[in-house]
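final_18.pdb (PDB, C-alpha atoms and all ligand atoms) appears below.
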```pdb
MODEL        1
ATOM      1  CA  MET A 158      33.766  32.673 -42.446
ATOM      2  CA  THR A 159      36.977  33.912 -40.781
ATOM      3  CA  LEU A 160      35.062  35.039 -37.711
ATOM      4  CA  ILE A 161      32.967  31.897 -37.302
ATOM      5  CA  GLN A 162      35.668  29.330 -38.094
ATOM      6  CA  PRO A 163      37.876  29.819 -34.999
ATOM      7  CA  ILE A 164      34.829  29.522 -32.711
ATOM      8  CA  LEU A 165      33.866  26.210 -34.297
ATOM      9  CA  ASP A 166      37.465  24.958 -34.201
ATOM     10  CA  GLU A 167      37.731  25.715 -30.520
ATOM     11  CA  LEU A 168      34.728  23.544 -29.863
ATOM     12  CA  ILE A 169      36.447  20.440 -31.213
ATOM     13  CA  LEU A 170      36.774  17.777 -28.558
ATOM     14  CA  THR A 171      40.112  16.017 -29.026
ATOM     15  CA  ASP A 172      40.685  12.380 -28.042
ATOM     16  CA  GLU A 173      42.917  13.544 -25.167
ATOM     17  CA  GLN A 174      40.262  15.939 -23.864
ATOM     18  CA  PHE A 175      37.592  13.255 -24.165
ATOM     19  CA  ALA A 176      39.865  10.839 -22.264
ATOM     20  CA  ARG A 177      40.309  13.461 -19.483
ATOM     21  CA  ILE A 178      36.539  13.863 -19.199
ATOM     22  CA  CYS A 179      36.043  10.075 -19.193
ATOM     23  CA  ARG A 180      38.591   9.681 -16.371
ATOM     24  CA  LEU A 181      37.036  12.440 -14.313
ATOM     25  CA  VAL A 182      33.507  11.068 -14.704
ATOM     26  CA  TYR A 183      34.566   7.463 -14.072
ATOM     27  CA  GLU A 184      36.555   8.331 -10.945
ATOM     28  CA  HIS A 185      33.743  10.366  -9.411
ATOM     29  CA  CYS A 186      30.615   8.486 -10.332
ATOM     30  CA  GLY A 187      31.552   5.192 -11.973
ATOM     31  CA  ILE A 188      29.976   6.136 -15.309
ATOM     32  CA  ASN A 189      31.907   4.522 -18.111
ATOM     33  CA  LEU A 190      31.782   6.785 -21.171
ATOM     34  CA  HIS A 191      32.860   4.806 -24.200
ATOM     35  CA  GLU A 192      33.953   6.161 -27.586
ATOM     36  CA  GLY A 193      30.358   6.027 -28.861
ATOM     37  CA  LYS A 194      29.443   8.802 -26.397
ATOM     38  CA  LYS A 195      32.046  11.266 -27.645
ATOM     39  CA  GLU A 196      29.729  13.234 -29.889
ATOM     40  CA  LEU A 197      27.029  13.391 -27.227
ATOM     41  CA  VAL A 198      29.559  14.636 -24.642
ATOM     42  CA  ARG A 199      30.957  17.192 -27.100
ATOM     43  CA  ALA A 200      27.537  18.577 -27.963
ATOM     44  CA  ARG A 201      26.196  18.665 -24.400
ATOM     45  CA  LEU A 202      29.318  20.195 -22.876
ATOM     46  CA  ALA A 203      29.566  22.784 -25.656
ATOM     47  CA  LYS A 204      26.623  24.470 -23.897
ATOM     48  CA  MET A 205      28.688  24.686 -20.715
ATOM     49  CA  LEU A 206      31.627  26.229 -22.557
ATOM     50  CA  ARG A 207      29.279  28.880 -23.892
ATOM     51  CA  LYS A 208      27.662  29.425 -20.509
ATOM     52  CA  TYR A 209      31.002  30.070 -18.779
ATOM     53  CA  ASN A 210      32.585  31.758 -21.763
ATOM     54  CA  LEU A 211      35.403  29.238 -22.000
ATOM     55  CA  LYS A 212      37.401  28.667 -25.160
ATOM     56  CA  SER A 213      38.310  24.992 -25.031
ATOM     57  CA  TYR A 214      37.353  21.723 -23.371
ATOM     58  CA  ASP A 215      40.712  21.774 -21.528
ATOM     59  CA  GLU A 216      39.778  25.129 -20.007
ATOM     60  CA  TYR A 217      36.394  23.682 -19.095
ATOM     61  CA  ILE A 218      37.875  20.578 -17.412
ATOM     62  CA  ASP A 219      40.296  22.763 -15.389
ATOM     63  CA  PHE A 220      37.381  24.989 -14.432
ATOM     64  CA  VAL A 221      35.349  21.986 -13.221
ATOM     65  CA  LEU A 222      38.334  20.651 -11.260
ATOM     66  CA  GLN A 223      39.006  24.001  -9.591
ATOM     67  CA  ASP A 224      35.448  24.452  -8.418
ATOM     68  CA  ALA A 225      35.796  23.448  -4.785
ATOM     69  CA  GLY A 226      32.032  23.374  -4.120
ATOM     70  CA  GLY A 227      31.616  20.950  -6.991
ATOM     71  CA  LYS A 228      28.565  22.732  -8.423
ATOM     72  CA  THR A 229      29.963  22.771 -11.949
ATOM     73  CA  PHE A 230      30.949  19.125 -11.643
ATOM     74  CA  TYR A 231      27.364  18.136 -10.898
ATOM     75  CA  GLU A 232      26.215  20.385 -13.707
ATOM     76  CA  MET A 233      28.536  18.464 -16.016
ATOM     77  CA  ILE A 234      27.099  15.119 -14.810
ATOM     78  CA  ASP A 235      23.612  16.533 -15.360
ATOM     79  CA  GLN A 236      24.557  17.286 -18.947
ATOM     80  CA  ILE A 237      25.987  13.894 -19.817
ATOM     81  CA  SER A 238      23.815  11.508 -17.841
ATOM     82  CA  THR A 239      20.788   9.867 -19.413
ATOM     83  CA  ASN A 240      17.658  10.317 -17.348
ATOM     84  CA  LEU A 241      15.138   8.470 -19.463
ATOM     85  CA  THR A 242      12.374   7.033 -17.302
ATOM     86  CA  SER A 243       8.604   6.594 -17.152
ATOM     87  CA  PHE A 244       5.748   5.636 -14.841
ATOM     88  CA  PHE A 245       5.413   1.855 -14.385
ATOM     89  CA  ARG A 246       8.378   1.270 -16.674
ATOM     90  CA  GLU A 247       9.004  -2.467 -16.994
ATOM     91  CA  PRO A 248       5.498  -3.437 -15.834
ATOM     92  CA  LYS A 249       6.615  -6.997 -14.954
ATOM     93  CA  HIS A 250       8.342  -5.627 -11.863
ATOM     94  CA  PHE A 251       5.147  -3.950 -10.634
ATOM     95  CA  GLU A 252       3.112  -7.074 -11.411
ATOM     96  CA  TYR A 253       5.591  -9.139  -9.405
ATOM     97  CA  LEU A 254       5.367  -6.692  -6.492
ATOM     98  CA  THR A 255       1.561  -6.695  -6.554
ATOM     99  CA  GLN A 256       0.962 -10.387  -7.136
ATOM    100  CA  LYS A 257       3.772 -12.034  -5.235
ATOM    101  CA  PHE A 258       6.304 -10.041  -3.294
ATOM    102  CA  LEU A 259       4.134  -7.553  -1.393
ATOM    103  CA  PRO A 260       1.355  -9.971  -0.342
ATOM    104  CA  GLU A 261       4.013 -12.327   1.075
ATOM    105  CA  LEU A 262       5.970  -9.528   2.716
ATOM    106  CA  ILE A 263       2.839  -8.038   4.261
ATOM    107  CA  ALA A 264       1.714 -11.435   5.607
ATOM    108  CA  LYS A 265       5.190 -12.066   7.056
ATOM    109  CA  LYS A 266       5.302  -8.651   8.745
ATOM    110  CA  GLN A 267       1.779  -9.043  10.121
ATOM    111  CA  LYS A 268       2.802 -12.379  11.608
ATOM    112  CA  ILE A 269       5.783 -10.873  13.453
ATOM    113  CA  GLY A 270       3.823  -7.723  14.340
ATOM    114  CA  ARG A 271       6.213  -5.331  12.604
ATOM    115  CA  LEU A 272       4.133  -3.241  10.205
ATOM    116  CA  ARG A 273       7.013  -1.484   8.530
ATOM    117  CA  ILE A 274       8.273  -1.484   4.924
ATOM    118  CA  ARG A 275      11.361   0.213   3.538
ATOM    119  CA  ALA A 276      12.222   0.502  -0.170
ATOM    120  CA  TRP A 277      14.855   2.344  -2.181
ATOM    121  CA  SER A 278      14.821   3.663  -5.720
ATOM    122  CA  ALA A 279      18.546   4.038  -6.455
ATOM    123  CA  GLY A 280      18.945   6.267  -9.531
ATOM    124  CA  CYS A 281      15.374   7.544  -9.377
ATOM    125  CA  SER A 282      15.736  10.161 -12.145
ATOM    126  CA  SER A 283      12.752  12.541 -12.359
ATOM    127  CA  GLY A 284      10.598  10.535  -9.920
ATOM    128  CA  GLU A 285       8.353   8.366 -12.103
ATOM    129  CA  GLU A 286       9.950   5.173 -10.750
ATOM    130  CA  PRO A 287       9.668   5.872  -6.983
ATOM    131  CA  TYR A 288       6.156   7.325  -7.409
ATOM    132  CA  SER A 289       5.142   4.101  -9.212
ATOM    133  CA  MET A 290       6.661   2.109  -6.327
ATOM    134  CA  ALA A 291       4.778   4.251  -3.807
ATOM    135  CA  ILE A 292       1.450   3.848  -5.623
ATOM    136  CA  THR A 293       1.991   0.070  -5.798
ATOM    137  CA  LEU A 294       2.774  -0.044  -2.081
ATOM    138  CA  LEU A 295      -0.200   2.078  -1.065
ATOM    139  CA  GLU A 296      -2.473  -0.168  -3.127
ATOM    140  CA  ALA A 297      -1.066  -3.277  -1.443
ATOM    141  CA  ILE A 298      -1.108  -2.387   2.243
ATOM    142  CA  PRO A 299      -4.317  -3.202   4.127
ATOM    143  CA  LYS A 300      -6.500  -0.088   4.555
ATOM    144  CA  ASN A 301      -7.611  -1.079   8.051
ATOM    145  CA  GLN A 302      -4.082  -1.061   9.479
ATOM    146  CA  THR A 303      -1.519   1.636  10.125
ATOM    147  CA  TRP A 304       1.716   0.821   8.402
ATOM    148  CA  ASP A 305       5.023   2.645   8.580
ATOM    149  CA  VAL A 306       6.016   2.734   4.906
ATOM    150  CA  ARG A 307       8.891   4.783   3.478
ATOM    151  CA  ILE A 308      10.645   4.946   0.144
ATOM    152  CA  LEU A 309      14.026   6.543  -0.293
ATOM    153  CA  ALA A 310      14.640   7.912  -3.791
ATOM    154  CA  THR A 311      18.158   9.028  -4.708
ATOM    155  CA  ASP A 312      19.994  10.316  -7.749
ATOM    156  CA  ILE A 313      23.263  12.017  -8.630
ATOM    157  CA  SER A 314      21.538  14.620 -10.778
ATOM    158  CA  THR A 315      20.171  17.581  -8.849
ATOM    159  CA  ARG A 316      18.292  18.726 -11.948
ATOM    160  CA  VAL A 317      16.149  15.576 -12.138
ATOM    161  CA  LEU A 318      15.712  15.525  -8.349
ATOM    162  CA  GLN A 319      14.105  18.962  -8.554
ATOM    163  CA  ILE A 320      11.584  17.664 -11.095
ATOM    164  CA  ALA A 321      10.962  14.602  -8.915
ATOM    165  CA  GLN A 322      10.330  16.717  -5.845
ATOM    166  CA  GLN A 323       7.830  18.855  -7.716
ATOM    167  CA  GLY A 324       5.809  15.745  -8.580
ATOM    168  CA  LEU A 325       4.034  17.468 -11.449
ATOM    169  CA  TYR A 326       3.871  15.680 -14.815
ATOM    170  CA  GLU A 327       2.423  16.491 -18.221
ATOM    171  CA  SER A 328      -0.534  14.280 -19.106
ATOM    172  CA  GLN A 329       1.368  12.261 -21.722
ATOM    173  CA  ARG A 330       3.954  11.336 -19.074
ATOM    174  CA  VAL A 331       1.309   9.644 -16.927
ATOM    175  CA  ALA A 332      -0.278   7.780 -19.846
ATOM    176  CA  ALA A 333       0.947   4.423 -18.488
ATOM    177  CA  VAL A 334      -0.930   4.937 -15.215
ATOM    178  CA  SER A 335      -4.306   3.159 -15.303
ATOM    179  CA  VAL A 336      -7.472   5.238 -15.046
ATOM    180  CA  ASP A 337      -8.228   3.812 -11.580
ATOM    181  CA  LEU A 338      -4.773   4.502 -10.192
ATOM    182  CA  LYS A 339      -4.812   7.984 -11.708
ATOM    183  CA  LYS A 340      -8.112   8.697  -9.954
ATOM    184  CA  ARG A 341      -6.760   7.601  -6.605
ATOM    185  CA  HIS A 342      -3.202   8.922  -6.672
ATOM    186  CA  LEU A 343      -2.872  11.780  -9.157
ATOM    187  CA  ILE A 344      -4.613  15.139  -9.103
ATOM    188  CA  PRO A 345      -5.375  16.733 -12.496
ATOM    189  CA  ARG A 346      -4.271  20.363 -12.765
ATOM    190  CA  LYS A 347      -4.704  22.781 -15.613
ATOM    191  CA  GLU A 348      -1.622  24.942 -15.897
ATOM    192  CA  LYS A 349      -1.457  28.506 -17.205
ATOM    193  CA  ASN A 350      -0.665  27.504 -20.791
ATOM    194  CA  GLY A 351      -3.807  25.351 -20.878
ATOM    195  CA  GLU A 352      -1.755  22.129 -20.726
ATOM    196  CA  MET A 353      -3.098  19.394 -18.520
ATOM    197  CA  TYR A 354      -0.729  18.270 -15.770
ATOM    198  CA  TYR A 355      -1.067  15.700 -13.022
ATOM    199  CA  GLU A 356       0.187  16.287  -9.515
ATOM    200  CA  VAL A 357       1.127  13.357  -7.314
ATOM    201  CA  ALA A 358      -1.302  13.176  -4.381
ATOM    202  CA  PRO A 359      -0.018  14.059  -0.879
ATOM    203  CA  ALA A 360      -0.500  10.501   0.449
ATOM    204  CA  VAL A 361       1.943   9.247  -2.192
ATOM    205  CA  ARG A 362       4.430  12.081  -1.697
ATOM    206  CA  ASN A 363       4.346  11.672   2.064
ATOM    207  CA  ILE A 364       5.960   8.257   2.011
ATOM    208  CA  LEU A 365       8.811   9.412  -0.225
ATOM    209  CA  THR A 366      12.107  11.110   0.560
ATOM    210  CA  PHE A 367      14.209  12.431  -2.325
ATOM    211  CA  LYS A 368      17.926  12.834  -1.713
ATOM    212  CA  TYR A 369      21.050  13.537  -3.671
ATOM    213  CA  LEU A 370      23.367  10.518  -3.582
ATOM    214  CA  ASN A 371      26.273   9.448  -5.711
ATOM    215  CA  LEU A 372      26.076   5.649  -5.518
ATOM    216  CA  MET A 373      29.877   5.492  -5.528
ATOM    217  CA  ASP A 374      30.090   7.398  -2.215
ATOM    218  CA  PRO A 375      29.490   5.975   1.260
ATOM    219  CA  TRP A 376      25.766   5.621   1.934
ATOM    220  CA  PRO A 377      24.577   7.680   4.910
ATOM    221  CA  PHE A 378      21.951   5.121   5.985
ATOM    222  CA  ARG A 379      22.027   1.531   7.115
ATOM    223  CA  GLY A 380      18.779  -0.049   5.957
ATOM    224  CA  PRO A 381      17.722  -2.767   5.985
ATOM    225  CA  PHE A 382      15.520  -2.380   2.923
ATOM    226  CA  ASP A 383      12.790  -4.824   1.923
ATOM    227  CA  PHE A 384      13.355  -4.119  -1.739
ATOM    228  CA  ILE A 385      15.607  -2.034  -3.934
ATOM    229  CA  PHE A 386      15.131  -0.845  -7.500
ATOM    230  CA  CYS A 387      18.369   0.047  -9.270
ATOM    231  CA  ARG A 388      17.212  -0.088 -12.852
ATOM    232  CA  ASN A 389      18.913   1.236 -15.957
ATOM    233  CA  VAL A 390      21.695   2.788 -13.900
ATOM    234  CA  MET A 391      24.345   0.074 -13.810
ATOM    235  CA  ILE A 392      24.490  -0.121 -17.621
ATOM    236  CA  TYR A 393      26.699   2.962 -17.435
ATOM    237  CA  PHE A 394      29.171   1.261 -15.069
ATOM    238  CA  ASP A 395      31.886  -1.261 -15.877
ATOM    239  CA  LYS A 396      31.775  -4.827 -14.453
ATOM    240  CA  PRO A 397      34.032  -4.226 -11.388
ATOM    241  CA  THR A 398      31.948  -1.155 -10.431
ATOM    242  CA  GLN A 399      28.703  -3.104 -10.963
ATOM    243  CA  GLU A 400      30.000  -5.973  -8.836
ATOM    244  CA  LYS A 401      30.919  -3.696  -5.917
ATOM    245  CA  LEU A 402      27.557  -1.974  -6.110
ATOM    246  CA  VAL A 403      25.515  -5.184  -6.344
ATOM    247  CA  ASN A 404      27.271  -6.518  -3.241
ATOM    248  CA  ARG A 405      26.601  -3.276  -1.370
ATOM    249  CA  PHE A 406      22.906  -3.642  -2.269
ATOM    250  CA  TRP A 407      23.020  -7.216  -0.945
ATOM    251  CA  ASP A 408      24.509  -5.981   2.346
ATOM    252  CA  ILE A 409      21.831  -3.340   2.859
ATOM    253  CA  LEU A 410      18.836  -5.596   2.026
ATOM    254  CA  ASP A 411      16.939  -7.528   4.659
ATOM    255  CA  VAL A 412      17.052 -11.318   4.434
ATOM    256  CA  GLY A 413      14.392 -12.267   1.878
ATOM    257  CA  GLY A 414      14.637  -8.729   0.426
ATOM    258  CA  HIS A 415      14.503  -8.311  -3.350
ATOM    259  CA  PHE A 416      16.707  -6.489  -5.815
ATOM    260  CA  PHE A 417      15.357  -5.311  -9.192
ATOM    261  CA  THR A 418      17.604  -4.348 -12.124
ATOM    262  CA  GLY A 419      16.778  -2.928 -15.562
ATOM    263  CA  HIS A 420      15.747  -5.097 -18.529
ATOM    264  CA  SER A 421      19.138  -4.912 -20.215
ATOM    265  CA  GLU A 422      21.114  -5.486 -17.025
ATOM    266  CA  SER A 423      21.906  -8.903 -15.652
ATOM    267  CA  LEU A 424      24.129 -10.132 -12.876
ATOM    268  CA  THR A 425      25.835 -12.579 -15.229
ATOM    269  CA  GLY A 426      29.587 -12.412 -14.818
ATOM    270  CA  ILE A 427      29.305 -10.763 -11.414
ATOM    271  CA  HIS A 428      30.199 -12.488  -8.126
ATOM    272  CA  HIS A 429      27.235 -12.121  -5.804
ATOM    273  CA  SER A 430      25.141 -14.092  -3.311
ATOM    274  CA  PHE A 431      21.668 -13.307  -4.674
ATOM    275  CA  GLN A 432      19.233 -16.040  -5.559
ATOM    276  CA  TYR A 433      17.785 -15.692  -9.064
ATOM    277  CA  VAL A 434      13.989 -15.279  -9.031
ATOM    278  CA  GLN A 435      13.200 -14.367 -12.644
ATOM    279  CA  PRO A 436      14.907 -12.171 -15.239
ATOM    280  CA  THR A 437      16.062  -8.948 -13.514
ATOM    281  CA  ILE A 438      14.649  -9.951 -10.094
ATOM    282  CA  TYR A 439      16.891 -11.327  -7.329
ATOM    283  CA  ARG A 440      16.347 -12.380  -3.729
ATOM    284  CA  LYS A 441      18.664 -12.179  -0.724
TER     285      LYS A 441
HETATM  286  C1  LIG B 501      18.293   6.035 -17.247
HETATM  287  S1  LIG B 501      17.958   6.724 -15.675
HETATM  288  C2  LIG B 501      17.008   5.414 -14.937
HETATM  289  C3  LIG B 501      15.875   5.932 -14.090
HETATM  290  C4  LIG B 501      14.992   4.839 -13.463
HETATM  291  N1  LIG B 501      15.734   4.021 -12.541
HETATM  292  C5  LIG B 501      14.334   3.982 -14.517
HETATM  293  O1  LIG B 501      14.769   2.848 -14.739
HETATM  294  O2  LIG B 501      13.388   4.447 -15.169
HETATM  295  C6  LIG B 501      19.544   6.568 -14.863
HETATM  296  C7  LIG B 501      19.694   7.461 -13.651
HETATM  297  O3  LIG B 501      20.854   7.073 -12.922
HETATM  298  C8  LIG B 501      21.475   8.232 -12.410
HETATM  299  N2  LIG B 501      22.879   7.921 -12.086
HETATM  300  C9  LIG B 501      23.901   7.680 -12.945
HETATM  301  N3  LIG B 501      25.041   7.494 -12.269
HETATM  302  C10 LIG B 501      24.743   7.603 -10.957
HETATM  303  C11 LIG B 501      25.518   7.519  -9.752
HETATM  304  N4  LIG B 501      26.841   7.275  -9.782
HETATM  305  N5  LIG B 501      24.880   7.691  -8.580
HETATM  306  C12 LIG B 501      23.544   7.943  -8.556
HETATM  307  N6  LIG B 501      22.776   8.049  -9.638
HETATM  308  C13 LIG B 501      23.363   7.883 -10.835
HETATM  309  C14 LIG B 501      21.291   9.248 -13.507
HETATM  310  O4  LIG B 501      21.405  10.577 -13.042
HETATM  311  C15 LIG B 501      19.884   8.916 -14.020
HETATM  312  O5  LIG B 501      18.897   9.719 -13.429
ENDMDL
END
```
As structure tokens, how would this structure be written, given the file I've shared?
Amino acid sequence: MTLIQPILDELILTDEQFARICRLVYEHCGINLHEGKKELVRARLAKMLRKYNLKSYDEYIDFVLQDAGGKTFYEMIDQISTNLTSFFREPKHFEYLTQKFLPELIAKKQKIGRLRIRAWSAGCSSGEEPYSMAITLLEAIPKNQTWDVRILATDISTRVLQIAQQGLYESQRVAAVSVDLKKRHLIPRKEKNGEMYYEVAPAVRNILTFKYLNLMDPWPFRGPFDFIFCRNVMIYFDKPTQEKLVNRFWDILDVGGHFFTGHSESLTGIHHSFQYVQPTIYRK
């Protein structure tokens, strides 16, 4: 009891320490950690305290701040960010791309003789979203033409980017991919432990570029993009941060370009110039 108790006590996250962490995270990546996240932050960062043999959250915050290279900062973000995602999540967006947006975009580009499409998955997590975008695009572009198609996929978490780059998913993770699409774009692989995995086919991978990017930082590219997915990312940001970001997306989209947000995100209460298309879909 006497030996264990001090260790447990030291792992208490005080309100002041939680406020320091909230400030640090908000200032660097716009994520707004509210009181309801305190227990999650405490539990996830406790692992980091153990890893670095630190005795309190104050020591840990100082340690993160002193790390000039920022590796431990990104490790901290990795611990507290939510990376939940799935293939063809929010199927309405993919239906809209297939049935309306892409046929019109393709026809427009054919007319002007510019066979080029650019898309961005901003907050791509472990890759399921940009791979679903890539599969949808490859299905839509005419097979008898050579198109220059590229998707940029970015995230602040280097851990999920590594998974994304691998492009290898357990069979239950690709359950939402139809049998036909699976046949054409995913290669079944039996791994050592006998588990069935699917590897994203080279044609799909080849149109994707994964990059680390904190959306709060300057963006090292100019676009213009034909469409942008930033889904289930802005829920972690406060309204002023969301507004700035939404307007930066507007700036970097081509005229007629579309912006897709997550199901629980809306642009209500935000000043922007987008035209509403349908829930969570906006047009420049
Ligand atoms: C819940 S996931 C959403 C993944 C995917 N867009 C989807 O809807 O399935 C949110 C992602 O946003 C990323 N994220 C959070 N804050 C970010 C920031 N400031 N810059 C870039 N990515 C961020 C997280 O690392 C996480 O992978």
Selected residue, from A:Glu261, A:Asp215, A:Asp172, A:Glu348, that lies nearest to Lys194 in chain A when counting all atoms listed in the file: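 The closest residue to Lys194 in chain A is A:Asp172.
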Shell around Asp305 in chain A at 12 Å using all atoms listed in the file, local window under 6 positions removed, as a PyMOL selection string: chain A and resi 263+266+270-276+294-295+298-299+363-365
All residues having an atom within 9 Å of ligand LIG 501 (chain B) (all atoms listed in the file) as a PyMOL selection string: chain A and resi 183+185-188+234-235+237-247+278-287+311-318+369-374+386-394+418-420
Can you spit out the residues from that selection as a tab-separated table (two decimals), keeping the file's coordinate frame, using C-alpha atoms?
```
chain	number	residue	atom	x	y	z
A	183	TYR	CA	34.57	7.46	-14.07
A	185	HIS	CA	33.74	10.37	-9.41
A	186	CYS	CA	30.62	8.49	-10.33
A	187	GLY	CA	31.55	5.19	-11.97
A	188	ILE	CA	29.98	6.14	-15.31
A	234	ILE	CA	27.10	15.12	-14.81
A	235	ASP	CA	23.61	16.53	-15.36
A	237	ILE	CA	25.99	13.89	-19.82
A	238	SER	CA	23.82	11.51	-17.84
A	239	THR	CA	20.79	9.87	-19.41
A	240	ASN	CA	17.66	10.32	-17.35
A	241	LEU	CA	15.14	8.47	-19.46
A	242	THR	CA	12.37	7.03	-17.30
A	243	SER	CA	8.60	6.59	-17.15
A	244	PHE	CA	5.75	5.64	-14.84
A	245	PHE	CA	5.41	1.86	-14.38
A	246	ARG	CA	8.38	1.27	-16.67
A	247	GLU	CA	9.00	-2.47	-16.99
A	278	SER	CA	14.82	3.66	-5.72
A	279	ALA	CA	18.55	4.04	-6.46
A	280	GLY	CA	18.94	6.27	-9.53
A	281	CYS	CA	15.37	7.54	-9.38
A	282	SER	CA	15.74	10.16	-12.14
A	283	SER	CA	12.75	12.54	-12.36
A	284	GLY	CA	10.60	10.54	-9.92
A	285	GLU	CA	8.35	8.37	-12.10
A	286	GLU	CA	9.95	5.17	-10.75
A	287	PRO	CA	9.67	5.87	-6.98
A	311	THR	CA	18.16	9.03	-4.71
A	312	ASP	CA	19.99	10.32	-7.75
A	313	ILE	CA	23.26	12.02	-8.63
A	314	SER	CA	21.54	14.62	-10.78
A	315	THR	CA	20.17	17.58	-8.85
A	316	ARG	CA	18.29	18.73	-11.95
A	317	VAL	CA	16.15	15.58	-12.14
A	318	LEU	CA	15.71	15.52	-8.35
A	369	TYR	CA	21.05	13.54	-3.67
A	370	LEU	CA	23.37	10.52	-3.58
A	371	ASN	CA	26.27	9.45	-5.71
A	372	LEU	CA	26.08	5.65	-5.52
A	373	MET	CA	29.88	5.49	-5.53
A	374	ASP	CA	30.09	7.40	-2.22
A	386	PHE	CA	15.13	-0.84	-7.50
A	387	CYS	CA	18.37	0.05	-9.27
A	388	ARG	CA	17.21	-0.09	-12.85
A	389	ASN	CA	18.91	1.24	-15.96
A	390	VAL	CA	21.70	2.79	-13.90
A	391	MET	CA	24.34	0.07	-13.81
A	392	ILE	CA	24.49	-0.12	-17.62
A	393	TYR	CA	26.70	2.96	-17.43
A	394	PHE	CA	29.17	1.26	-15.07
A	418	THR	CA	17.60	-4.35	-12.12
A	419	GLY	CA	16.78	-2.93	-15.56
A	420	HIS	CA	15.75	-5.10	-18.53
```
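Among A:Leu197, A:Ile385, A:Ala321, A:Leu338, the residue with the shortest atom-to-atom distance to Leu410 in chain A, counting only C-alpha atoms, is A:Ile385.
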Expected selection from the PyMOL selection byres (((chain A and resi 401) around 12) and not hetatm), given as a VMD selection string: chain A and resid 187 372 to 374 391 394 to 400 402 to 408 424 427 to 429
List the residues matched by the PyMOL selection byres (((chain A and resi 383) around 10) and not hetatm) in the displayed structure as an mmCIF file with C-alpha atoms, in the frame of the given file, ordered by chain and then by residue number.
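As written to disk, result-v4.cif reads:
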```cif
data_model
loop_
_atom_site.group_PDB
_atom_site.id
_atom_site.type_symbol
_atom_site.label_atom_id
_atom_site.label_comp_id
_atom_site.auth_asym_id
_atom_site.auth_seq_id
_atom_site.Cartn_x
_atom_site.Cartn_y
_atom_site.Cartn_z
ATOM 1 C CA PHE A 258 6.304 -10.041 -3.294
ATOM 2 C CA LEU A 259 4.134 -7.553 -1.393
ATOM 3 C CA LEU A 262 5.970 -9.528 2.716
ATOM 4 C CA ARG A 273 7.013 -1.484 8.530
ATOM 5 C CA ILE A 274 8.273 -1.484 4.924
ATOM 6 C CA ARG A 275 11.361 0.213 3.538
ATOM 7 C CA ALA A 276 12.222 0.502 -0.170
ATOM 8 C CA TRP A 277 14.855 2.344 -2.181
ATOM 9 C CA GLY A 380 18.779 -0.049 5.957
ATOM 10 C CA PRO A 381 17.722 -2.767 5.985
ATOM 11 C CA PHE A 382 15.520 -2.380 2.923
ATOM 12 C CA PHE A 384 13.355 -4.119 -1.739
ATOM 13 C CA ILE A 385 15.607 -2.034 -3.934
ATOM 14 C CA ILE A 409 21.831 -3.340 2.859
ATOM 15 C CA LEU A 410 18.836 -5.596 2.026
ATOM 16 C CA ASP A 411 16.939 -7.528 4.659
ATOM 17 C CA VAL A 412 17.052 -11.318 4.434
ATOM 18 C CA GLY A 413 14.392 -12.267 1.878
ATOM 19 C CA GLY A 414 14.637 -8.729 0.426
ATOM 20 C CA HIS A 415 14.503 -8.311 -3.350
ATOM 21 C CA PHE A 416 16.707 -6.489 -5.815
ATOM 22 C CA LYS A 441 18.664 -12.179 -0.724
#
```
Around range 307-310 of chain A, fit a box with edges along x, y and z, padding it by 6 Å on each side, then list its centre and edge lengths in Å to one decimal as lines of an AutoDock Vina configuration file.
```
center_x = 11.8
center_y = 6.3
center_z = -0.2
size_x = 17.7
size_y = 15.1
size_z = 19.3
```
Distance in Å - CA of Ile344 in chain A versus CA of Ala360 in chain A: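 Taking CA of Ile344 in chain A and CA of Ala360 in chain A, their separation equals 11.4 Å.
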Nearest candidate to Val334 in chain A (options A:Tyr288, A:Ser213, A:Gln256, A:Gln319; using only C-alpha atoms):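 For Val334 in chain A, the nearest of the candidates is A:Tyr288.
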Atomic distance CA of Arg201 in chain A - CA of Gln323 in chain A, expressed in Å with one decimal: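 According to the coordinates, CA of Arg201 in chain A and CA of Gln323 in chain A are separated by 24.8 Å.
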Which residue of A:Thr366, A:Thr255, A:Gln236, A:Thr229 approaches Ala200 in chain A most closely, using only C-alpha atoms: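 Closest residue, counting only C-alpha atoms: A:Gln236.
Here CA of Leu170 in chain A stands at a distance of 16.8 Å from CA of Lys208 in chain A.
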Closest of A:Ala332, A:Ile218, A:Leu206, A:Met290 to Gln174 in chain A - atom-to-atom distances counting only C-alpha atoms: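 Of all the options, A:Ile218 lies closest to Gln174 in chain A.
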Residue among A:Arg177, A:Ile438, A:Gly193, A:Ala291 lying closest to Phe417 in chain A, counting all atoms listed in the file: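 Ranking A:Arg177, A:Ile438, A:Gly193, A:Ala291 by distance to Phe417 in chain A, first place goes to A:Ile438.
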